[in-house]
$ cat data06.cif   # mmCIF, C-alpha atoms and all ligand atoms
data_model
loop_
_atom_site.label_atom_id
_atom_site.label_comp_id
_atom_site.auth_asym_id
_atom_site.auth_seq_id
_atom_site.Cartn_x
_atom_site.Cartn_y
_atom_site.Cartn_z
CA MET A 106 -12.84 16.79 -2.85
CA ASN A 107 -15.18 13.92 -3.65
CA ALA A 108 -16.35 11.13 -1.32
CA LYS A 109 -13.37 8.93 -2.20
CA ASP A 110 -10.88 11.67 -1.31
CA ILE A 111 -12.61 12.34 1.99
CA ALA A 112 -12.74 8.62 2.82
CA GLY A 113 -9.01 8.43 2.01
CA LEU A 114 -8.31 11.08 4.61
CA ILE A 115 -10.07 9.29 7.48
CA HIS A 116 -7.07 7.02 8.14
CA PRO A 117 -4.36 9.73 8.19
CA ILE A 118 -6.59 12.01 10.29
CA LEU A 119 -7.20 9.25 12.85
CA ALA A 120 -3.46 8.49 12.91
CA VAL A 121 -2.47 12.09 13.55
CA VAL A 122 -5.33 13.12 15.84
CA VAL A 123 -5.85 9.91 17.84
CA VAL A 124 -3.06 7.35 17.50
CA PHE A 125 0.09 9.46 17.69
CA PRO A 126 -1.01 11.41 20.80
CA ILE A 127 -1.81 8.07 22.48
CA ILE A 128 1.64 6.76 21.51
CA GLY A 129 3.16 9.83 23.23
CA ILE A 130 1.22 9.21 26.43
CA VAL A 131 1.96 5.45 26.47
CA VAL A 132 5.70 5.95 25.91
CA ASN A 133 5.88 8.61 28.60
CA LEU A 134 4.11 6.36 31.11
CA ALA A 135 6.27 3.40 30.03
CA TRP A 136 9.42 5.36 30.82
CA GLN A 137 8.04 6.36 34.24
CA THR A 138 6.93 2.79 34.99
CA ARG A 139 10.42 1.53 34.35
CA GLN A 140 12.10 4.35 36.29
CA ARG A 141 9.81 3.78 39.24
CA ARG A 142 10.50 0.05 39.27
CA LEU A 143 14.26 0.52 39.10
CA GLN A 144 14.26 3.28 41.76
CA THR A 145 12.09 1.21 44.11
CA ALA A 146 14.38 -1.80 43.60
CA ASP A 147 17.48 0.30 44.41
CA HIS A 148 16.28 2.60 47.19
CA GLY A 149 13.01 1.02 48.33
CA LYS A 150 11.07 4.13 47.29
CA SER A 151 10.45 6.46 44.35
CA LYS A 152 8.92 9.90 43.86
CA ILE A 153 7.08 8.61 40.79
CA PRO A 154 3.49 7.74 41.78
CA PRO A 155 2.54 4.03 41.70
CA VAL A 156 -0.33 4.78 39.32
CA VAL A 157 1.98 5.09 36.28
CA GLY A 158 2.09 1.28 35.72
CA PRO A 159 -1.70 0.73 35.68
CA GLU A 160 -2.15 3.94 33.67
CA HIS A 161 0.39 2.72 31.10
CA ARG A 162 -1.54 -0.49 30.85
CA LYS A 163 -4.91 1.27 30.55
CA ILE A 164 -3.79 3.66 27.79
CA GLY A 165 -1.81 0.76 26.24
CA ASN A 166 -5.14 -1.02 25.81
CA TRP A 167 -6.42 1.99 23.90
CA LEU A 168 -3.27 2.05 21.81
CA THR A 169 -3.71 -1.55 20.67
CA GLY A 170 -7.35 -0.89 19.75
CA SER A 171 -6.57 2.30 17.88
CA VAL A 172 -3.60 0.93 15.91
CA VAL A 173 -5.54 -2.17 14.84
CA GLY A 174 -8.53 0.08 14.13
CA ILE A 175 -6.75 2.50 11.80
CA THR A 176 -4.99 -0.38 10.07
CA LEU A 177 -8.37 -1.93 9.30
CA VAL A 178 -9.75 1.45 8.19
CA ALA A 179 -6.84 1.87 5.73
CA ILE A 180 -7.20 -1.64 4.36
CA ALA A 181 -11.00 -1.34 4.09
CA TYR A 182 -10.60 1.91 2.15
CA SER A 183 -8.17 0.32 -0.30
CA ILE A 184 -10.20 -2.84 -0.84
CA TYR A 185 -13.44 -0.87 -1.26
CA PHE A 186 -12.16 1.79 -3.66
CA LYS A 187 -9.38 -0.09 -5.47
CA GLY A 188 -10.09 -3.80 -5.00
CA ILE A 189 -12.94 -6.10 -5.94
CA PHE A 190 -15.68 -3.70 -4.78
CA LYS A 191 -14.64 -1.20 -7.44
CA ASP A 192 -16.58 -2.16 -10.62
CA PHE A 193 -18.19 -4.98 -8.63
CA LYS A 194 -19.01 -8.11 -10.62
CA SER A 195 -21.45 -10.73 -9.37
CA LYS A 196 -18.87 -13.52 -9.91
CA ASN A 197 -16.92 -11.93 -7.03
CA MET A 198 -19.82 -12.18 -4.61
CA THR A 199 -18.38 -15.12 -2.62
CA LEU A 200 -15.03 -13.39 -2.19
CA ALA A 201 -16.77 -10.15 -1.19
CA ILE A 202 -18.79 -11.93 1.50
CA LEU A 203 -15.63 -13.72 2.70
CA ILE A 204 -13.74 -10.43 2.98
CA ILE A 205 -16.55 -8.81 4.99
CA MET A 206 -16.65 -11.87 7.26
CA ILE A 207 -12.89 -11.72 7.83
CA PHE A 208 -13.24 -8.04 8.82
CA ILE A 209 -15.96 -8.96 11.33
CA ALA A 210 -13.96 -11.97 12.63
CA THR A 211 -10.83 -9.83 13.10
CA VAL A 212 -12.65 -7.19 15.13
CA THR A 213 -14.45 -9.89 17.14
CA SER A 214 -11.15 -11.67 17.88
CA LEU A 215 -9.69 -8.42 19.20
CA VAL A 216 -12.71 -7.85 21.44
CA PHE A 217 -12.37 -11.40 22.81
CA LEU A 218 -8.63 -10.87 23.29
CA TYR A 219 -9.41 -7.99 25.68
CA ARG A 220 -11.64 -10.33 27.68
CA ALA A 221 -9.67 -13.59 27.53
CA GLN A 222 -8.06 -14.74 30.77
CA THR A 223 -6.24 -17.99 30.07
CA LYS A 224 -3.01 -18.21 28.13
CA LEU A 225 -4.60 -20.52 25.57
CA TRP A 226 -7.47 -18.20 24.67
CA ARG A 227 -5.27 -15.14 24.61
CA GLY A 228 -2.97 -17.01 22.22
CA VAL A 229 -5.90 -18.10 20.05
CA PHE A 230 -7.54 -14.67 19.79
CA ALA A 231 -4.23 -12.85 19.28
CA THR A 232 -3.36 -15.24 16.46
CA LEU A 233 -6.79 -14.87 14.86
CA ALA A 234 -6.71 -11.06 15.05
CA ALA A 235 -3.19 -10.89 13.57
CA ALA A 236 -4.02 -13.46 10.87
CA GLY A 237 -7.17 -11.53 9.94
CA ILE A 238 -5.20 -8.32 9.41
CA ILE A 239 -2.57 -10.09 7.33
CA VAL A 240 -5.11 -11.91 5.12
CA LEU A 241 -7.04 -8.67 4.55
CA GLY A 242 -3.81 -6.81 3.82
CA PHE A 243 -3.06 -9.17 0.96
CA GLN A 244 -6.34 -8.56 -0.87
CA GLU A 245 -6.45 -6.84 -4.23
CA GLY A 246 -6.38 -3.06 -4.04
CA VAL A 247 -4.09 -2.73 -1.03
CA TYR A 248 -0.93 -0.90 -2.03
CA ARG A 249 1.94 -2.88 -0.57
CA ARG A 250 4.88 -1.27 -2.34
CA ASP A 251 6.51 -4.68 -2.87
CA PHE A 252 9.18 -3.15 -5.11
CA GLU A 253 10.40 -1.07 -2.13
CA TRP A 254 9.29 -3.25 0.76
CA ALA A 255 11.96 -1.79 3.06
CA VAL A 256 10.16 1.58 3.07
CA SER A 257 6.64 0.22 2.69
CA HIS A 258 3.99 1.92 4.83
CA PHE A 259 1.92 -1.24 4.48
CA TYR A 260 4.48 -3.70 5.89
CA TYR A 261 5.42 -1.37 8.75
CA GLY A 262 1.72 -0.93 9.48
CA LEU A 263 1.22 -4.69 9.74
CA ILE A 264 4.26 -5.02 12.01
CA ALA A 265 2.97 -2.21 14.27
CA ALA A 266 -0.48 -3.76 14.53
CA VAL A 267 0.91 -7.22 15.29
CA LEU A 268 3.30 -5.83 17.96
CA MET A 269 0.41 -4.08 19.68
CA ILE A 270 -1.64 -7.29 19.62
CA ILE A 271 1.29 -9.16 21.21
CA SER A 272 1.58 -6.47 23.93
CA LEU A 273 -2.07 -6.87 24.78
CA ALA A 274 -1.87 -10.66 24.78
CA ILE A 275 1.07 -10.88 27.21
CA VAL A 276 -0.13 -8.38 29.86
CA PRO A 277 -0.81 -11.05 32.55
CA GLU A 278 2.62 -12.64 31.90
CA ILE A 279 4.30 -9.24 32.46
CA TYR A 280 2.65 -9.02 35.88
CA LYS A 281 3.07 -12.66 36.94
CA ASP A 282 6.69 -13.15 35.93
CA ARG A 283 9.07 -12.49 38.85
CA THR A 284 12.18 -12.91 36.68
CA HIS A 285 11.10 -9.93 34.48
CA LYS A 286 11.61 -12.03 31.37
CA TRP A 287 8.28 -10.93 29.87
CA ARG A 288 8.87 -7.31 30.91
CA LYS A 289 12.16 -7.37 28.99
CA ILE A 290 10.56 -9.00 25.96
CA HIS A 291 7.76 -6.42 26.08
CA THR A 292 10.20 -3.51 26.39
CA ALA A 293 12.45 -4.77 23.58
CA LEU A 294 9.53 -5.42 21.20
CA ASN A 295 7.97 -2.05 21.90
CA CYS A 296 11.21 -0.08 21.58
CA PHE A 297 11.20 -1.55 18.08
CA ALA A 298 7.52 -0.54 17.80
CA ILE A 299 8.48 3.10 18.51
CA ILE A 300 10.85 3.01 15.51
CA VAL A 301 8.09 1.45 13.41
CA PHE A 302 5.66 4.21 14.47
CA LEU A 303 8.21 6.84 13.47
CA ALA A 304 8.55 5.11 10.11
CA GLN A 305 4.73 5.11 9.79
CA GLY A 306 4.61 8.86 10.31
CA MET A 307 7.22 9.39 7.58
CA THR A 308 6.04 6.85 5.03
CA GLY A 309 2.38 7.83 5.59
CA SER A 310 3.13 11.49 4.87
CA ARG A 311 5.03 10.45 1.75
CA ASP A 312 2.11 8.26 0.59
CA LEU A 313 -0.33 11.14 1.06
CA LEU A 314 1.54 12.99 -1.65
CA GLU A 315 1.63 9.88 -3.89
CA ILE A 316 3.07 11.82 -6.81
CA SER A 317 5.68 14.29 -5.61
CA LEU A 318 4.53 17.92 -5.44
CA SER A 319 7.28 19.09 -7.77
CA TRP A 320 5.91 16.73 -10.41
CA GLN A 321 2.24 17.61 -9.83
CA GLU A 322 2.76 21.36 -9.84
CA LYS A 323 4.01 21.75 -13.38
CA HIS A 324 0.94 19.93 -14.71
CA LEU A 325 -1.69 21.18 -12.30
CA TYR A 326 -0.88 24.87 -12.59
CA LYS A 327 -1.89 24.70 -16.28
CA CYS A 328 -5.40 23.63 -15.25
CA ASP A 329 -8.51 25.72 -14.67
CA TRP A 330 -9.15 25.16 -10.94
CA GLN A 331 -12.64 26.67 -11.01
CA LYS A 332 -13.94 24.43 -13.80
CA GLN A 333 -11.65 21.54 -12.76
CA THR A 334 -10.49 21.05 -16.35
CA CYS A 335 -6.96 20.70 -17.72
CA PRO A 336 -5.60 21.36 -21.19
CA ASP A 337 -5.77 18.32 -23.43
CA ALA A 338 -2.42 16.56 -23.26
CA LYS A 339 -2.26 16.31 -27.05
CA SER A 340 -2.80 20.02 -27.61
CA GLN A 341 0.13 20.87 -25.35
CA THR A 342 3.53 21.63 -26.79
CA LEU A 343 5.14 18.33 -27.61
CA SER A 344 8.53 17.48 -26.18
CA PRO A 345 11.34 17.03 -28.75
CA GLU A 346 11.40 13.25 -28.11
CA ILE A 347 7.69 12.92 -28.85
CA MET A 348 8.01 15.13 -31.94
CA VAL A 349 10.74 12.85 -33.28
CA ALA A 350 8.68 9.78 -32.44
CA SER A 351 5.60 11.20 -34.17
CA ILE A 352 7.48 12.29 -37.27
CA SER A 353 9.18 8.93 -37.61
CA ASN A 354 5.75 7.34 -37.53
CA TYR A 355 4.29 9.31 -40.42
CA PRO A 356 5.73 7.20 -43.26
CA THR A 357 4.20 4.19 -41.58
CA LEU A 358 0.78 5.81 -41.55
CA ALA A 359 1.05 6.87 -45.17
CA GLN A 360 1.77 3.36 -46.41
CA GLY A 361 -1.47 1.93 -45.01
CA ASN A 362 -1.49 -1.16 -42.89
CA THR A 363 -3.27 -4.41 -42.10
CA VAL A 364 -4.47 -5.08 -38.57
CA LEU A 365 -3.46 -8.63 -37.57
CA ALA A 366 -4.81 -8.55 -34.03
CA SER A 367 -6.02 -6.07 -31.46
CA GLY A 368 -7.10 -5.78 -27.84
CA GLU A 369 -7.99 -3.33 -25.10
CA PHE A 370 -5.67 -2.41 -22.27
CA VAL A 371 -6.75 -3.31 -18.77
CA THR A 372 -5.11 -1.86 -15.68
CA ILE A 373 -3.10 -4.56 -13.92
CA THR A 374 -1.88 -2.69 -10.84
CA PRO A 375 -4.72 -0.76 -9.20
CA GLY A 376 -4.08 2.98 -9.39
CA GLU A 377 -1.70 2.67 -12.39
CA ASP A 378 -4.53 3.36 -14.82
CA THR A 379 -3.86 2.21 -18.38
CA GLU A 380 -6.49 2.21 -21.12
CA GLY A 381 -7.04 2.28 -24.86
CA THR A 382 -6.50 -0.03 -27.80
CA ALA A 383 -3.36 -1.83 -28.94
CA GLU A 384 -2.97 -3.47 -32.35
CA ILE A 385 -0.48 -5.70 -34.11
CA ILE A 386 -0.19 -4.36 -37.65
CA GLN A 387 1.57 -5.44 -40.81
CA VAL A 388 3.31 -2.59 -42.61
CA GLY A 389 5.06 -3.88 -45.73
CA SER A 390 7.51 -6.48 -44.45
CA LYS A 391 7.48 -5.12 -40.89
CA THR A 392 5.24 -6.10 -38.01
CA GLN A 393 4.52 -3.32 -35.56
CA VAL A 394 2.58 -2.60 -32.42
CA ARG A 395 0.28 0.37 -32.74
CA LEU A 396 -1.16 2.10 -29.69
CA ALA A 397 -4.30 3.89 -30.83
CA GLU A 398 -5.33 7.54 -30.30
CA ASN A 399 -7.39 6.51 -27.25
CA PHE A 400 -4.31 5.08 -25.45
CA SER A 401 -3.36 6.57 -22.11
CA ALA A 402 -1.20 5.40 -19.23
CA ILE A 403 -0.35 6.97 -15.93
CA GLU A 404 3.00 8.77 -15.97
CA GLY A 405 5.95 7.06 -14.33
CA PRO A 406 9.70 6.67 -14.51
CA ALA A 407 11.47 4.22 -16.89
CA VAL A 408 8.25 2.94 -18.47
CA ARG A 409 8.70 0.32 -21.22
CA LEU A 410 6.45 -1.20 -23.85
CA LEU A 411 6.86 -4.91 -24.43
CA LEU A 412 5.31 -8.13 -25.62
CA HIS A 413 4.80 -10.75 -22.93
CA LYS A 414 3.77 -14.41 -22.85
CA GLU A 415 1.44 -13.81 -19.90
CA ASN A 416 -1.54 -11.49 -19.73
CA ARG A 417 -0.83 -10.64 -16.08
CA PRO A 418 2.96 -10.94 -16.02
CA GLY A 419 4.27 -12.54 -12.84
CA SER A 420 7.90 -11.94 -13.79
CA TYR A 421 10.10 -10.40 -16.49
CA THR A 422 12.77 -12.78 -17.72
CA ALA A 423 14.55 -13.14 -21.06
CA GLU A 424 12.30 -16.16 -21.82
CA ASN A 425 8.92 -14.55 -21.25
CA TYR A 426 9.06 -11.13 -22.87
CA VAL A 427 10.38 -9.07 -25.77
CA ARG A 428 11.20 -5.42 -25.19
CA LEU A 429 9.92 -2.99 -27.82
CA GLY A 430 11.44 0.12 -26.26
CA ASP A 431 10.74 3.00 -23.92
CA LEU A 432 7.12 4.13 -23.91
CA LYS A 433 7.27 7.08 -26.32
CA SER A 434 4.29 8.95 -24.90
CA PHE A 435 1.83 8.43 -22.06
CA THR A 436 -1.09 9.33 -24.34
CA GLY A 437 -2.10 8.97 -27.97
CA GLU A 438 -1.12 7.10 -31.07
CA GLN A 439 2.36 5.60 -31.39
CA PHE A 440 4.16 2.77 -33.22
CA TYR A 441 6.83 0.26 -32.21
CA ASP A 442 8.69 -2.19 -34.46
CA ILE A 443 8.56 -5.84 -33.42
CA PRO A 444 12.13 -7.16 -33.78
CA GLU A 445 12.75 -9.42 -36.76
CA GLY A 446 12.54 -13.12 -36.02
CA ILE A 447 10.00 -12.59 -33.22
CA ASN A 448 6.58 -14.12 -33.75
CA TRP A 449 4.11 -11.94 -31.83
CA GLN A 450 1.81 -14.95 -31.38
CA ASP A 451 4.40 -16.41 -28.99
CA TYR A 452 4.04 -13.22 -26.89
CA PRO A 453 0.39 -12.29 -27.41
CA ASN A 454 0.13 -9.51 -24.80
CA VAL A 455 1.15 -5.87 -25.18
CA VAL A 456 2.31 -4.73 -21.76
CA VAL A 457 3.17 -1.35 -20.22
CA TRP A 458 5.75 -1.92 -17.48
CA CYS A 459 7.51 0.49 -15.13
CA GLU A 460 10.94 -1.11 -15.01
CA LYS A 461 12.30 1.12 -12.27
CA PHE A 462 9.76 -0.06 -9.70
CA ASP A 463 8.88 -3.35 -11.42
CA VAL A 464 5.19 -2.44 -11.62
CA THR A 465 2.99 -3.67 -14.46
CA PHE A 466 0.73 -0.76 -15.39
CA GLY A 467 -1.52 -2.45 -17.93
CA SER A 468 -1.77 -5.20 -20.47
CA ALA A 469 -3.75 -5.80 -23.68
CA LYS A 470 -4.42 -9.34 -24.94
CA MET A 471 -4.09 -9.58 -28.72
CA ASN A 472 -6.95 -11.44 -30.40
C1 LIG B 1 4.96 2.01 22.22
C2 LIG B 1 4.39 1.18 22.99
C3 LIG B 1 4.90 0.68 24.32
C4 LIG B 1 6.11 0.83 24.92
C5 LIG B 1 7.32 1.56 24.39
C6 LIG B 1 6.06 0.12 26.18
C7 LIG B 1 7.09 0.01 27.06
C8 LIG B 1 6.98 -0.46 28.36
C9 LIG B 1 7.99 -0.35 29.37
C10 LIG B 1 9.37 0.29 29.17
C11 LIG B 1 7.51 -0.89 30.49
C12 LIG B 1 8.20 -0.99 31.82
C13 LIG B 1 9.09 -2.18 31.86
C14 LIG B 1 9.86 -2.24 33.14
O1 LIG B 1 9.27 -2.18 34.22
O2 LIG B 1 11.09 -2.39 33.02
C15 LIG B 1 6.18 -1.38 30.19
C16 LIG B 1 5.36 -2.01 31.09
C17 LIG B 1 4.12 -2.49 30.80
N1 LIG B 1 3.48 -2.39 29.57
FE1 LIG B 1 4.15 -1.40 27.98
N2 LIG B 1 4.82 -0.45 26.31
C18 LIG B 1 4.09 -0.12 25.20
C19 LIG B 1 2.81 -0.51 24.92
C20 LIG B 1 2.05 -1.29 25.74
C21 LIG B 1 0.75 -1.78 25.41
C22 LIG B 1 0.06 -1.56 24.07
C23 LIG B 1 0.32 -2.51 26.48
C24 LIG B 1 -0.97 -3.25 26.70
C25 LIG B 1 -1.92 -3.36 25.89
C26 LIG B 1 1.35 -2.46 27.50
C27 LIG B 1 1.29 -3.09 28.72
C28 LIG B 1 2.25 -2.99 29.70
C29 LIG B 1 2.10 -3.49 31.05
C30 LIG B 1 0.89 -4.24 31.58
C31 LIG B 1 3.26 -3.17 31.74
C32 LIG B 1 3.55 -3.44 33.20
C33 LIG B 1 3.07 -2.22 33.96
C34 LIG B 1 3.31 -2.28 35.45
O3 LIG B 1 4.43 -2.62 35.89
O4 LIG B 1 2.36 -1.96 36.19
N3 LIG B 1 2.39 -1.73 27.01
N4 LIG B 1 5.88 -1.09 28.90
C1 LIG B 2 0.32 3.93 13.59
C2 LIG B 2 0.28 4.52 12.48
C3 LIG B 2 -0.17 3.97 11.16
C4 LIG B 2 -0.49 2.69 10.79
C5 LIG B 2 -0.47 1.43 11.65
C6 LIG B 2 -0.85 2.73 9.40
C7 LIG B 2 -1.20 1.63 8.64
C8 LIG B 2 -1.55 1.67 7.31
C9 LIG B 2 -1.87 0.54 6.51
C10 LIG B 2 -1.83 -0.91 6.98
C11 LIG B 2 -2.19 0.98 5.27
C12 LIG B 2 -2.67 0.08 4.14
C13 LIG B 2 -1.93 0.19 2.88
C14 LIG B 2 -2.87 0.53 1.74
O1 LIG B 2 -3.99 0.10 1.72
O2 LIG B 2 -2.47 1.27 0.86
C15 LIG B 2 -2.07 2.41 5.27
C16 LIG B 2 -2.31 3.24 4.18
C17 LIG B 2 -2.10 4.58 4.18
N1 LIG B 2 -1.70 5.34 5.24
FE1 LIG B 2 -1.24 4.72 7.09
N2 LIG B 2 -0.76 4.02 8.94
C18 LIG B 2 -0.35 4.83 10.00
C19 LIG B 2 -0.14 6.17 9.99
C20 LIG B 2 -0.32 7.00 8.91
C21 LIG B 2 -0.04 8.41 8.88
C22 LIG B 2 0.50 9.22 10.06
C23 LIG B 2 -0.36 8.85 7.62
C24 LIG B 2 -0.25 10.22 7.01
C25 LIG B 2 -0.13 11.32 7.63
C26 LIG B 2 -0.82 7.71 6.87
C27 LIG B 2 -1.24 7.74 5.55
C28 LIG B 2 -1.61 6.65 4.81
C29 LIG B 2 -1.95 6.73 3.41
C30 LIG B 2 -1.97 7.97 2.54
C31 LIG B 2 -2.26 5.43 3.03
C32 LIG B 2 -2.61 4.96 1.61
C33 LIG B 2 -4.04 4.80 1.38
C34 LIG B 2 -4.18 4.43 -0.10
O3 LIG B 2 -4.03 3.26 -0.42
O4 LIG B 2 -4.40 5.32 -0.87
N3 LIG B 2 -0.79 6.59 7.68
N4 LIG B 2 -1.68 2.81 6.53
#

$ encode --input "data06.cif" --output "structure tokens"
Amino acid sequence: MNAKDIAGLIHPILAVVVVFPIIGIVVNLAWQTRQRRLQTADHGKSKIPPVVGPEHRKIGNWLTGSVVGITLVAIAYSIYFKGIFKDFKSKNMTLAILIIMIFIATVTSLVFLYRAQTKLWRGVFATLAAAGIIVLGFQEGVYRRDFEWAVSHFYYGLIAAVLMIISLAIVPEIYKDRTHKWRKIHTALNCFAIIVFLAQGMTGSRDLLEISLSWQEKHLYKCDWQKQTCPDAKSQTLSPEIMVASISNYPTLAQGNTVLASGEFVTITPGEDTEGTAEIIQVGSKTQVRLAENFSAIEGPAVRLLLHKENRPGSYTAENYVRLGDLKSFTGEQFYDIPEGINWQDYPNVVVWCEKFDVTFGSAKMN
């Protein structure tokens, strides 16, 4: 494991070792607090000791801090390793400083929230802390899983952190309110939080695997684990589809071709690494896209090659792109016909797009 892998484990380790045990304690004390209150209201006494309420509150304070803390750790990891700090460019300096300041402001707001007494200041610091987390969460590099937001570890994580901040902010109201309105609000919100925490445990474990084990195994077991090298993808036995694709490309190669434009792929979605050269070539009367020998894209399901009007496609509609077909291979040279009647200059970007999850892997601007 390298430093990046170890840093990536800090967040899951903290979640499993610190946060989830605290959740267990807080929920147990919450249940006892409620039982004690109801029993005392009914019979005037209860066998549950009076300390459960204050203890729930005390450990609840820790829970808020730890949930916000691990959320910030996860986001910091993603921004640092996959966002603007990766391949840092000096033109991004202002944004980098702003991001660091928002981190500091978010932590400071949380600290002040613990100390604030009046409703106004609790409201202000809770809002600032929650806003800080949300703004940081929407920085480049953070994996939000927008194509499957309903099972997104990121969105559930934000909800959990915000619910904990609300719990902390309304503590005095829970105590002051004789009608139990705030107690009921607190209980309802945090019963929902328990479901969100369960979802975090499941989605977090799934995200640790990233690419399912069954998929990794068949590739990784071919590798030399001692030397950490794997057989070159091109020297492996080619699948029948790739064989057909390669053979059908040979006549094209033999005829010779003129390069009309070319460009380098850049990765659009962090983590979906795409690189290499793309060219628009003239072969007889046909115009084709050629992906050069140095092309490689991360493997994925239902991956298409297309021409798009935008370099960083915001959407895929009939007006803004032309489909060239399924990506024939995730590495190496390959050719795609541009349909007749289509002028590539109207769509000057060669784009690799995972249609299933609507994720743009990479794009190459044709110059
Ligand atoms: C999963 C998280 C949580 C759950 C499920 C939960 C649930 C509950 C429940 C059921 C009660 C008793 C309500 C009643 O008397 O009917 C309660 C009380 C309370 N909770 Fe929580 N809570 C959680 C987190 C927190 C956090 C994070 C804080 C503070 C930072 C907090 C502060 C309080 C306070 C101050 C009370 C009143 C205690 C007393 O009566 O002495 N809770 N909570
Ligand atoms: C209260 C519990 C948790 C909260 C609030 C939480 C929150 C978050 C947030 C906000 C992210 C940022 C999304 C991103 O940058 O990709 C994240 C990422 C992640 N979390 Fe959690 N998480 C929790 C528990 C867990 C658990 C239990 C695991 C695994 C056992 C886990 C594993 C991960 C992984 C693998 C990532 C992705 C990091 C990456 O981008 O590579 N999380 N979490």

$ residues_near_ligand --input "data06.cif" --ligand "ligand LIG 2 (chain B)" --cutoff "9 Å" --atoms "all atoms listed in the file" --output "PyMOL selection string"
chain A and resi 113-114+116-121+124-125+128+171-184+186-187+238+242+246-250+257-266+301-315+376

$ write_last_selection --input "data06.cif" --atoms "C-alpha atoms" --output "mmCIF file, in the coordinates of the input"
data_model
loop_
_atom_site.group_PDB
_atom_site.id
_atom_site.type_symbol
_atom_site.label_atom_id
_atom_site.label_comp_id
_atom_site.auth_asym_id
_atom_site.auth_seq_id
_atom_site.Cartn_x
_atom_site.Cartn_y
_atom_site.Cartn_z
ATOM 1 C CA GLY A 113 -9.010 8.430 2.010
ATOM 2 C CA LEU A 114 -8.310 11.080 4.610
ATOM 3 C CA HIS A 116 -7.070 7.020 8.140
ATOM 4 C CA PRO A 117 -4.360 9.730 8.190
ATOM 5 C CA ILE A 118 -6.590 12.010 10.290
ATOM 6 C CA LEU A 119 -7.200 9.250 12.850
ATOM 7 C CA ALA A 120 -3.460 8.490 12.910
ATOM 8 C CA VAL A 121 -2.470 12.090 13.550
ATOM 9 C CA VAL A 124 -3.060 7.350 17.500
ATOM 10 C CA PHE A 125 0.090 9.460 17.690
ATOM 11 C CA ILE A 128 1.640 6.760 21.510
ATOM 12 C CA SER A 171 -6.570 2.300 17.880
ATOM 13 C CA VAL A 172 -3.600 0.930 15.910
ATOM 14 C CA VAL A 173 -5.540 -2.170 14.840
ATOM 15 C CA GLY A 174 -8.530 0.080 14.130
ATOM 16 C CA ILE A 175 -6.750 2.500 11.800
ATOM 17 C CA THR A 176 -4.990 -0.380 10.070
ATOM 18 C CA LEU A 177 -8.370 -1.930 9.300
ATOM 19 C CA VAL A 178 -9.750 1.450 8.190
ATOM 20 C CA ALA A 179 -6.840 1.870 5.730
ATOM 21 C CA ILE A 180 -7.200 -1.640 4.360
ATOM 22 C CA ALA A 181 -11.000 -1.340 4.090
ATOM 23 C CA TYR A 182 -10.600 1.910 2.150
ATOM 24 C CA SER A 183 -8.170 0.320 -0.300
ATOM 25 C CA ILE A 184 -10.200 -2.840 -0.840
ATOM 26 C CA PHE A 186 -12.160 1.790 -3.660
ATOM 27 C CA LYS A 187 -9.380 -0.090 -5.470
ATOM 28 C CA ILE A 238 -5.200 -8.320 9.410
ATOM 29 C CA GLY A 242 -3.810 -6.810 3.820
ATOM 30 C CA GLY A 246 -6.380 -3.060 -4.040
ATOM 31 C CA VAL A 247 -4.090 -2.730 -1.030
ATOM 32 C CA TYR A 248 -0.930 -0.900 -2.030
ATOM 33 C CA ARG A 249 1.940 -2.880 -0.570
ATOM 34 C CA ARG A 250 4.880 -1.270 -2.340
ATOM 35 C CA SER A 257 6.640 0.220 2.690
ATOM 36 C CA HIS A 258 3.990 1.920 4.830
ATOM 37 C CA PHE A 259 1.920 -1.240 4.480
ATOM 38 C CA TYR A 260 4.480 -3.700 5.890
ATOM 39 C CA TYR A 261 5.420 -1.370 8.750
ATOM 40 C CA GLY A 262 1.720 -0.930 9.480
ATOM 41 C CA LEU A 263 1.220 -4.690 9.740
ATOM 42 C CA ILE A 264 4.260 -5.020 12.010
ATOM 43 C CA ALA A 265 2.970 -2.210 14.270
ATOM 44 C CA ALA A 266 -0.480 -3.760 14.530
ATOM 45 C CA VAL A 301 8.090 1.450 13.410
ATOM 46 C CA PHE A 302 5.660 4.210 14.470
ATOM 47 C CA LEU A 303 8.210 6.840 13.470
ATOM 48 C CA ALA A 304 8.550 5.110 10.110
ATOM 49 C CA GLN A 305 4.730 5.110 9.790
ATOM 50 C CA GLY A 306 4.610 8.860 10.310
ATOM 51 C CA MET A 307 7.220 9.390 7.580
ATOM 52 C CA THR A 308 6.040 6.850 5.030
ATOM 53 C CA GLY A 309 2.380 7.830 5.590
ATOM 54 C CA SER A 310 3.130 11.490 4.870
ATOM 55 C CA ARG A 311 5.030 10.450 1.750
ATOM 56 C CA ASP A 312 2.110 8.260 0.590
ATOM 57 C CA LEU A 313 -0.330 11.140 1.060
ATOM 58 C CA LEU A 314 1.540 12.990 -1.650
ATOM 59 C CA GLU A 315 1.630 9.880 -3.890
ATOM 60 C CA GLY A 376 -4.080 2.980 -9.390
#

$ atom_distance --input "data06.cif" --atom1 "CA of Lys391 in chain A" --atom2 "CA of Trp458 in chain A"
23.7 Å

$ residues_near_ligand --input "data06.cif" --ligand "ligand LIG 1 (chain B)" --cutoff "7 Å" --atoms "only C-alpha atoms and all ligand atoms" --output "JSON, numbers by chain"
{"A": [128, 131, 132, 135, 136, 138, 139, 142, 158, 159, 161, 162, 165, 166, 168, 169, 269, 272, 273, 276, 279, 280, 288, 289, 291, 292, 295, 296, 298, 299]}

$ closest_residue --input "data06.cif" --among "A:Pro375, A:Gly170, A:Gly368, A:Gly149" --to "Val267 in chain A" --atoms "all atoms listed in the file"
A:Gly170
